[in-house]
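Right, one structure below, let's go through it.
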Amino acid sequence: MAGIYRIFCGWIIWGICSVAAFAQDGAPTVIDFRLNERELAVEMKLSRNLVAELMRPETSVKDAVSDAWQLRFDQLVQGSDQQPLEFDLTRITLTRPDQPNAPQVVYLSLRAQQNANTGSIRIHWPFGLGDMVLRQHGVDDPFSGYFSAGQSTPSIALSGGAARAEVDVFLDYARDGQQQVMTLPYVLFAIAMFLQSGRLTSLFVQIGSLLAGAAVALVCISYDVLIPPRVVLIWALPLLAALLFLDNIALRRLHFARCLALFFFAALQNLGFAAVLKNVGLAQAQVFPAVAGFGLGLIGSLAALLLAAYVVIGLQLGRWAKYRGRVIMPVSVTLGGISLYLGLSSLPL
């Protein structure tokens, strides 16, 4: 019976990881900018998720985007004196979606006159707008970067030379990976890993599986092979956590299928992240350090969280005879149900 369960669980987890790697994902908003003589030109391609969020009943796409520009977008760019630049919204362009029932792709064209305070700019991307890709054009050593909601860019010289060093890219994305661990899906994922048993060996093996998957992904990125066209969705993580909680309930020992699932999930997640960075045109030299930093920051923070939990809980209760019945089973049932709900409620159906 246990052998049949291992095979079933392994195939189900692998299937979710595989499907998730190619699932539809909301691409980030892309912002291209250049300095044309005395005019700063900005082109924005809004993400589909953002367009869908801006839409209201009985409102056209152009009206919704125009209203949102006045309320949410016109304070994004600051000049050298940290004052918002005054942009004119010159054009809104709509393109037909490539899939039925998908939001239209929306492009905004913006213009601002250069003055004494526009030798450099800084962009703050607010919470609730999704991720952003920023690309500079028409200069030597142009700036480019991938930013999450709520982040601000460094000061960007409009004359060029603002390209980030690989070490800076690595450290920036490592911090992003650390922040991801504190989101609810990753907290549930960490608890599911921790509750496999009360032994430190189990944690090291599971963390090692994640590191091995991330390392294989970096090798694939280096040779530009096996890059999936779409990123692993956030809904895959709680579903995987739910299956790990189920595994905690059904089996006492760590088994190969669980490690294999963690390995493939880490590999596909990093490959999907690399695919997003490449598809939006991020500089090729930044893709490898970005993915390496994000993966190492994420797994490193996850490992630190697991080890801290072991010191606080595992050392005290791990050898308790009723640890499985009083801790692992009820917590896995409860949090497994929450993870399953989070995953199913966010499926792109």
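Residue numbering restarts at 1 for every chain of the structure tokens, chains are lettered A, B, ... in their displayed order, and ligands are numbered from 1 as they appear.
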
Counting only C-alpha atoms, what is within 8 Å of region 303-312 of chain A, bar same-chain residues fewer than 5 positions away, as a VMD selection string? chain A and resid 190 to 191 194 198 200 203 207

Go ahead and save the picked residues with N, CA, C and O atoms, as a PDB file, in the first residue's frame.
ATOM      1  N   ALA A 190       7.172  25.950   3.830  1.00  0.00           N
ATOM      2  CA  ALA A 190       8.222  25.664   4.815  1.00  0.00           C
ATOM      3  C   ALA A 190       7.696  24.784   5.943  1.00  0.00           C
ATOM      4  O   ALA A 190       8.382  23.855   6.394  1.00  0.00           O
ATOM      5  N   ILE A 191       6.484  25.065   6.408  1.00  0.00           N
ATOM      6  CA  ILE A 191       5.908  24.243   7.474  1.00  0.00           C
ATOM      7  C   ILE A 191       5.701  22.812   6.997  1.00  0.00           C
ATOM      8  O   ILE A 191       5.941  21.848   7.742  1.00  0.00           O
ATOM      9  N   PHE A 194       8.999  21.131   7.128  1.00  0.00           N
ATOM     10  CA  PHE A 194       9.461  20.919   8.497  1.00  0.00           C
ATOM     11  C   PHE A 194       8.731  19.756   9.171  1.00  0.00           C
ATOM     12  O   PHE A 194       9.327  18.977   9.924  1.00  0.00           O
ATOM     13  N   GLY A 198      10.673  14.917  12.817  1.00  0.00           N
ATOM     14  CA  GLY A 198      11.366  15.773  13.777  1.00  0.00           C
ATOM     15  C   GLY A 198      12.867  15.652  13.695  1.00  0.00           C
ATOM     16  O   GLY A 198      13.565  16.042  14.640  1.00  0.00           O
ATOM     17  N   LEU A 200      16.703  16.322  11.981  1.00  0.00           N
ATOM     18  CA  LEU A 200      17.470  17.314  11.229  1.00  0.00           C
ATOM     19  C   LEU A 200      17.905  16.770   9.880  1.00  0.00           C
ATOM     20  O   LEU A 200      18.000  17.518   8.904  1.00  0.00           O
ATOM     21  N   LEU A 203      15.449  17.536   7.106  1.00  0.00           N
ATOM     22  CA  LEU A 203      15.496  18.916   6.632  1.00  0.00           C
ATOM     23  C   LEU A 203      16.657  19.134   5.684  1.00  0.00           C
ATOM     24  O   LEU A 203      16.510  19.787   4.639  1.00  0.00           O
ATOM     25  N   ILE A 207      16.289  20.371   1.818  1.00  0.00           N
ATOM     26  CA  ILE A 207      16.955  21.602   1.378  1.00  0.00           C
ATOM     27  C   ILE A 207      17.963  21.289   0.274  1.00  0.00           C
ATOM     28  O   ILE A 207      18.082  22.029  -0.713  1.00  0.00           O
TER      29      ILE A 207
END

Determine which residues of region 146-286 of chain A DSSP labels as strand (DSSP E) from the backbone of this structure, then write them out as a VMD selection string. chain A and resid 146 to 147 156 to 157

If you keep all heavy atoms, can you produce a file of those selected residues as a tab-separated table (two decimals), in the first residue's frame?
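Result file is out_23.tsv:
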chain	number	residue	atom	x	y	z
A	146	TYR	N	14.46	44.32	-13.27
A	146	TYR	CA	13.16	43.72	-12.98
A	146	TYR	C	12.83	44.06	-11.53
A	146	TYR	O	13.61	43.76	-10.63
A	146	TYR	CB	13.24	42.20	-13.18
A	146	TYR	CG	11.92	41.47	-13.14
A	146	TYR	CD1	11.34	41.00	-14.31
A	146	TYR	CD2	11.27	41.24	-11.95
A	146	TYR	CE1	10.14	40.32	-14.28
A	146	TYR	CE2	10.06	40.56	-11.90
A	146	TYR	CZ	9.50	40.10	-13.08
A	146	TYR	OH	8.30	39.42	-13.03
A	147	PHE	N	11.68	44.70	-11.30
A	147	PHE	CA	11.34	45.19	-9.97
A	147	PHE	C	9.96	44.69	-9.56
A	147	PHE	O	9.04	44.62	-10.38
A	147	PHE	CB	11.36	46.73	-9.95
A	147	PHE	CG	12.70	47.32	-10.27
A	147	PHE	CD1	13.04	47.62	-11.58
A	147	PHE	CD2	13.62	47.55	-9.27
A	147	PHE	CE1	14.29	48.15	-11.88
A	147	PHE	CE2	14.87	48.09	-9.56
A	147	PHE	CZ	15.20	48.39	-10.88
A	156	ILE	N	18.92	56.93	-12.01
A	156	ILE	CA	19.31	56.49	-13.35
A	156	ILE	C	19.72	57.71	-14.16
A	156	ILE	O	18.91	58.61	-14.42
A	156	ILE	CB	18.15	55.76	-14.05
A	156	ILE	CG1	17.65	54.60	-13.19
A	156	ILE	CG2	18.57	55.27	-15.42
A	156	ILE	CD1	16.35	54.00	-13.69
A	157	ALA	N	20.98	57.76	-14.58
A	157	ALA	CA	21.47	58.88	-15.39
A	157	ALA	C	20.92	58.75	-16.81
A	157	ALA	O	21.07	57.71	-17.45
A	157	ALA	CB	22.99	58.88	-15.42

Quick one: distance from CA of Ser155 (chain A) to CA of Val133 (chain A) in Å, one decimal?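 Computed distance, CA of Ser155 (chain A) to CA of Val133 (chain A), equals 15.6 Å.
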
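Considering only C-alpha atoms, the residue among A:Ala41, A:Leu254, A:Ser60, A:Gly138 positioned nearest to Leu89 (chain A) is A:Ala41.
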
Using only C-alpha atoms, pick whichever of A:Arg319, A:Arg324, A:Arg175, A:Arg34 has the shortest atom-to-atom distance to Asp140 (chain A). A:Arg34

Long-range neighbours of Gly293 (chain A) as a ChimeraX atom specification, 7 Å cut-off, only C-alpha atoms, 4 positions minimum in chain: /A:170-171,173-174,289,297

Using C-alpha atoms, can you export the residues from the last selection as a PDB file, in the first residue's frame?
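Saved result, part_16.pdb, follows:
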ATOM      1  CA  PHE A 170      22.908  39.288  -7.619  1.00  0.00           C
ATOM      2  CA  LEU A 171      22.499  41.066  -4.271  1.00  0.00           C
ATOM      3  CA  TYR A 173      17.607  39.660  -6.421  1.00  0.00           C
ATOM      4  CA  ALA A 174      18.889  37.794  -3.365  1.00  0.00           C
ATOM      5  CA  PRO A 289      23.176  36.640 -11.663  1.00  0.00           C
ATOM      6  CA  GLY A 297      18.244  34.146  -1.405  1.00  0.00           C
TER       7      GLY A 297
END

Top pick for closest residue to Arg252 (chain A), considering A:Ile328, A:Leu317, A:Met182, A:Val105 and counting only C-alpha atoms: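 Among the listed residues, the smallest separation from Arg252 (chain A) belongs to A:Ile328.
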
Counting only C-alpha atoms, what is within 12 Å of Glu37 (chain A), bar same-chain residues fewer than 3 positions away, as JSON, numbers by chain? {"A": [34, 40, 41, 112, 113, 114, 115, 138, 158, 159]}

Output all heavy atoms for every residue in the selection just made, as a compact mmCIF listing (two decimals), in the first residue's frame.
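Result saved to again09.txt:
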# COMPACT_ATOMS: atom_id res chain seq x y z
N ARG A 34 13.70 56.75 -23.15
CA ARG A 34 14.87 57.32 -23.81
C ARG A 34 14.78 58.83 -23.78
O ARG A 34 13.69 59.40 -23.62
CB ARG A 34 14.99 56.83 -25.26
CG ARG A 34 13.88 57.33 -26.18
CD ARG A 34 14.16 56.99 -27.65
NE ARG A 34 14.13 55.58 -27.88
CZ ARG A 34 15.18 54.89 -28.40
NH1 ARG A 34 16.29 55.54 -28.70
NH2 ARG A 34 15.07 53.61 -28.64
N LEU A 40 11.90 63.68 -22.70
CA LEU A 40 11.97 62.33 -22.15
C LEU A 40 10.75 61.56 -22.62
O LEU A 40 9.61 61.92 -22.30
CB LEU A 40 12.00 62.38 -20.62
CG LEU A 40 12.04 61.03 -19.89
CD1 LEU A 40 13.29 60.25 -20.27
CD2 LEU A 40 11.98 61.23 -18.37
N ALA A 41 11.00 60.52 -23.42
CA ALA A 41 9.93 59.71 -23.98
C ALA A 41 9.83 58.39 -23.22
O ALA A 41 10.84 57.71 -23.02
CB ALA A 41 10.17 59.45 -25.47
N ALA A 112 7.72 64.09 -21.47
CA ALA A 112 8.02 65.13 -20.48
C ALA A 112 9.19 65.95 -20.99
O ALA A 112 10.16 65.40 -21.54
CB ALA A 112 8.35 64.51 -19.13
N GLN A 113 9.13 67.26 -20.81
CA GLN A 113 10.20 68.14 -21.24
C GLN A 113 11.37 68.05 -20.26
O GLN A 113 11.17 68.07 -19.04
CB GLN A 113 9.71 69.59 -21.34
CG GLN A 113 8.66 69.80 -22.42
CD GLN A 113 9.19 69.49 -23.81
OE1 GLN A 113 10.32 69.86 -24.16
NE2 GLN A 113 8.38 68.80 -24.61
N GLN A 114 12.60 67.94 -20.80
CA GLN A 114 13.76 67.88 -19.94
C GLN A 114 14.07 69.28 -19.40
O GLN A 114 13.99 70.28 -20.11
CB GLN A 114 14.98 67.35 -20.69
CG GLN A 114 16.19 67.15 -19.79
CD GLN A 114 17.44 66.82 -20.58
OE1 GLN A 114 17.55 67.18 -21.74
NE2 GLN A 114 18.40 66.16 -19.93
N ASN A 115 14.44 69.34 -18.12
CA ASN A 115 14.86 70.60 -17.52
C ASN A 115 16.01 70.31 -16.56
O ASN A 115 16.63 69.25 -16.62
CB ASN A 115 13.68 71.28 -16.81
CG ASN A 115 12.96 70.32 -15.87
OD1 ASN A 115 13.60 69.62 -15.08
ND2 ASN A 115 11.63 70.28 -15.97
N GLY A 138 19.00 54.02 -26.29
CA GLY A 138 19.64 55.16 -26.95
C GLY A 138 20.90 55.68 -26.29
O GLY A 138 21.36 56.76 -26.65
N LEU A 158 20.27 59.80 -17.30
CA LEU A 158 19.68 59.76 -18.63
C LEU A 158 20.74 59.80 -19.73
O LEU A 158 20.46 59.45 -20.88
CB LEU A 158 18.71 60.93 -18.81
CG LEU A 158 17.48 60.90 -17.90
CD1 LEU A 158 16.61 62.13 -18.14
CD2 LEU A 158 16.67 59.63 -18.14
N SER A 159 21.96 60.20 -19.39
CA SER A 159 23.04 60.24 -20.38
C SER A 159 23.70 58.89 -20.58
O SER A 159 24.58 58.75 -21.43
CB SER A 159 24.09 61.27 -19.95
OG SER A 159 24.61 60.94 -18.68

Any idea what the distance is between CA of Gln284 (chain A) and CA of Ala212 (chain A)?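 Atom-to-atom, CA of Gln284 (chain A) to CA of Ala212 (chain A), that is 23.4 Å.
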
Atomic distance CA of Val216 (chain A) - CA of Ala261 (chain A), expressed in Å with one decimal: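 We find that CA of Val216 (chain A) and CA of Ala261 (chain A) lie 14.0 Å from each other.
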
Looking at only C-alpha atoms, which of A:Ala241, A:Pro142, A:Arg253, A:Asn279 is the one that sits closest to Val333 (chain A)? A:Ala241

Nearest to Phe288 (chain A) among A:Leu243, A:Met329, A:Ala217, A:Leu237, with distances taken over only C-alpha atoms: which residue is it?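 Checking each of A:Leu243, A:Met329, A:Ala217, A:Leu237 against Phe288 (chain A), counting only C-alpha atoms, the winner is A:Ala217.
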
Could you check which of A:Val280, A:Ala321, A:Val169, A:Ala266 is closest to Ile31 (chain A), using only C-alpha atoms?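 Closest candidate: A:Val280.
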